Amino acid sequence: MAKKLSSNKKNHLHNKQACKVKDISQAAWGRKEITLAEKEMPGLMTLRKEYGKKKPLKGARIAGSLHMTVQTAVLIETLQELGAKVRWASCNIFSTQDQAAAAVAKAGTPVFAWKGETEKEYWWCTEQTLQFEDKKGQLIGPNLILDDGGDLTAWVHDKHPAMLVNIKGASEETTTGVHHLYKMLSEGKLKIPAINVNDSVTKSKFDNLYGCRESLADGIKRALNLMIAGKIVLVAGYGDVGKGCAQSMRGFGARVIVAEVDPICALQAAM
């Protein structure tokens, strides 16, 4: 049974809203894109099919801080299909796809995300993910954290340490967030178990390499509308992400230069 939290000023969560997105009228557009994304995410869809009736995540209260994209919407709705309650914000002020946020919000999920948030709005949205209540309206907070970058995990430790008693653990997706968690651990400040998702084989060898290889060129062309062929591109680091970025730019005809301090990775780049 979850421990009720104090309603004093230090721990009280304020300004609760059902959701906040930029434009709820974009929900129909977002739903079409989510339906298309489901066809490209067979792993999550298989989980729904095999475990949807069993509800293995019943009782889970998941606070999510992850890019609010169409693909994340598929993840959110999979977690809900498996029985979890979810509250969500984006981990980046510019990465939200507003149509995806609108579709998820229209379906009844408490989502707090829009593209172009200010820093103040970003932390307000982060705070909203924690406002889980029991049937009596008493604040109980989340019992799981799904994080990208470490901001939500750090926020709970810094602003709401009383919530940690109910939190079973956190997952962290990025290198930056993982480094922050290891720093907290070495300083004795990490009070909950944490899973390093970033270093899993399926993340580092697929998402980091192949995902970045496609998304880098797409992002550059969408933002700058320029021709990559003939450009000089400096890639800082030649890990899995760097390898994907270098391959992408070289494939488009750029001259690629790699800066790398690790001798093994540097030798790989030279080959």
# chains A, B, ... in the order shown; residues from 1 in each chain; ligands from 1
call {"tool": "select_by_dssp", "arguments": {"residues": "segment 126-177 of chain A", "states": "helix (DSSP H, G or I)", "output": "PyMOL selection string"}}
result
chain A and resi 126-128+151-159+161-166+175-177
call {"tool": "residues_around", "arguments": {"residues": "Gly30 of chain A", "least_positions_apart": "2", "cutoff": "6 Å", "atoms": "only C-alpha atoms", "output": "ChimeraX atom specification"}}
result
/A:27-28,32-33,99-100,103
call {"tool": "write_last_selection", "arguments": {"atoms": "N, CA and C atoms", "output": "PDB file, in the first residue's frame"}}
result
ATOM      1  N   ALA A  27      -5.312  16.525 -32.370  1.00  0.00           N
ATOM      2  CA  ALA A  27      -5.396  15.137 -31.905  1.00  0.00           C
ATOM      3  C   ALA A  27      -5.666  14.148 -33.037  1.00  0.00           C
ATOM      4  N   ALA A  28      -6.551  14.497 -33.962  1.00  0.00           N
ATOM      5  CA  ALA A  28      -6.878  13.571 -35.056  1.00  0.00           C
ATOM      6  C   ALA A  28      -5.651  13.308 -35.928  1.00  0.00           C
ATOM      7  N   LYS A  32      -3.571   9.590 -36.341  1.00  0.00           N
ATOM      8  CA  LYS A  32      -3.203   8.935 -37.600  1.00  0.00           C
ATOM      9  C   LYS A  32      -1.720   8.564 -37.601  1.00  0.00           C
ATOM     10  N   GLU A  33      -0.880   9.469 -37.102  1.00  0.00           N
ATOM     11  CA  GLU A  33       0.556   9.193 -37.073  1.00  0.00           C
ATOM     12  C   GLU A  33       0.889   8.090 -36.062  1.00  0.00           C
ATOM     13  N   GLN A  99       1.203  17.272 -32.208  1.00  0.00           N
ATOM     14  CA  GLN A  99       0.079  16.427 -32.618  1.00  0.00           C
ATOM     15  C   GLN A  99       0.048  15.130 -31.819  1.00  0.00           C
ATOM     16  N   ALA A 100       1.222  14.607 -31.469  1.00  0.00           N
ATOM     17  CA  ALA A 100       1.278  13.387 -30.659  1.00  0.00           C
ATOM     18  C   ALA A 100       0.794  13.661 -29.242  1.00  0.00           C
ATOM     19  N   ALA A 103      -2.983  13.985 -29.252  1.00  0.00           N
ATOM     20  CA  ALA A 103      -3.691  12.707 -29.390  1.00  0.00           C
ATOM     21  C   ALA A 103      -3.705  11.937 -28.087  1.00  0.00           C
TER      22      ALA A 103
END
call {"tool": "closest_residue", "arguments": {"among": "A:Leu75, A:Val165, A:Arg31, A:Asp240", "to": "Asp199 of chain A", "atoms": "only C-alpha atoms"}}
result
A:Asp240
call {"tool": "residues_around", "arguments": {"residues": "Asn92 of chain A", "least_positions_apart": "3", "cutoff": "12 Å", "atoms": "only C-alpha atoms", "output": "VMD selection string"}}
result
chain A and resid 65 to 69 89 95 to 97 112 to 119 121 to 123 125 to 126 147 to 152
call {"tool": "select_by_dssp", "arguments": {"residues": "segment 86-249 of chain A", "states": "strand (DSSP E)", "output": "PDB file with C-alpha atoms, in the first residue's frame"}}
result
ATOM      1  CA  VAL A  86       0.854   7.145 -16.518  1.00  0.00           C
ATOM      2  CA  ARG A  87       1.617  10.858 -16.249  1.00  0.00           C
ATOM      3  CA  TRP A  88       3.973  12.302 -18.849  1.00  0.00           C
ATOM      4  CA  ALA A  89       6.167  15.265 -19.756  1.00  0.00           C
ATOM      5  CA  VAL A 111       0.398  14.725 -20.577  1.00  0.00           C
ATOM      6  CA  PHE A 112       2.154  18.044 -20.097  1.00  0.00           C
ATOM      7  CA  LEU A 144       8.180   4.097 -11.030  1.00  0.00           C
ATOM      8  CA  ILE A 145      10.156   6.686 -13.001  1.00  0.00           C
ATOM      9  CA  LEU A 146      10.898   6.459 -16.715  1.00  0.00           C
ATOM     10  CA  ASP A 147      13.555   9.084 -17.373  1.00  0.00           C
ATOM     11  CA  GLY A 169      13.017   2.331  -9.170  1.00  0.00           C
ATOM     12  CA  ALA A 170      13.859   4.381 -12.242  1.00  0.00           C
ATOM     13  CA  SER A 171      15.031   3.642 -15.758  1.00  0.00           C
ATOM     14  CA  GLU A 172      17.406   5.984 -17.590  1.00  0.00           C
ATOM     15  CA  ALA A 194      18.030   2.585 -11.295  1.00  0.00           C
ATOM     16  CA  ILE A 195      18.282   0.651 -14.563  1.00  0.00           C
ATOM     17  CA  ASN A 196      20.842   1.742 -17.159  1.00  0.00           C
ATOM     18  CA  ILE A 232      33.119  19.521 -43.900  1.00  0.00           C
ATOM     19  CA  VAL A 233      31.561  17.789 -40.878  1.00  0.00           C
ATOM     20  CA  LEU A 234      33.264  17.392 -37.496  1.00  0.00           C
ATOM     21  CA  VAL A 235      31.976  14.464 -35.443  1.00  0.00           C
ATOM     22  CA  ALA A 236      32.936  14.750 -31.767  1.00  0.00           C
TER      23      ALA A 236
END
call {"tool": "closest_residue", "arguments": {"among": "A:Ile192, A:Val241, A:Ala63, A:Leu185", "to": "Leu164 of chain A", "atoms": "only C-alpha atoms"}}
result
A:Ile192
call {"tool": "closest_residue", "arguments": {"among": "A:Gly141, A:Gly244, A:Gly52, A:Gly177", "to": "Met163 of chain A", "atoms": "only C-alpha atoms"}}
result
A:Gly141
call {"tool": "closest_residue", "arguments": {"among": "A:Gly59, A:Gly230, A:Pro193, A:Gly43", "to": "Phe132 of chain A", "atoms": "only C-alpha atoms"}}
result
A:Gly59
call {"tool": "residues_around", "arguments": {"residues": "Ala37 of chain A", "least_positions_apart": "6", "cutoff": "9 Å", "atoms": "only C-alpha atoms", "output": "MDAnalysis selection string"}}
result
chainID A and resid 70:71 74
call {"tool": "atom_distance", "arguments": {"atom1": "atom CA of Lys243 of chain A", "atom2": "atom CA of Thr175 of chain A"}}
result
15.4 Å
call {"tool": "residues_around", "arguments": {"residues": "segment 213-218 of chain A", "least_positions_apart": "5", "cutoff": "9 Å", "atoms": "only C-alpha atoms", "output": "ChimeraX atom specification"}}
result
/A:208,223,228,241-249,252
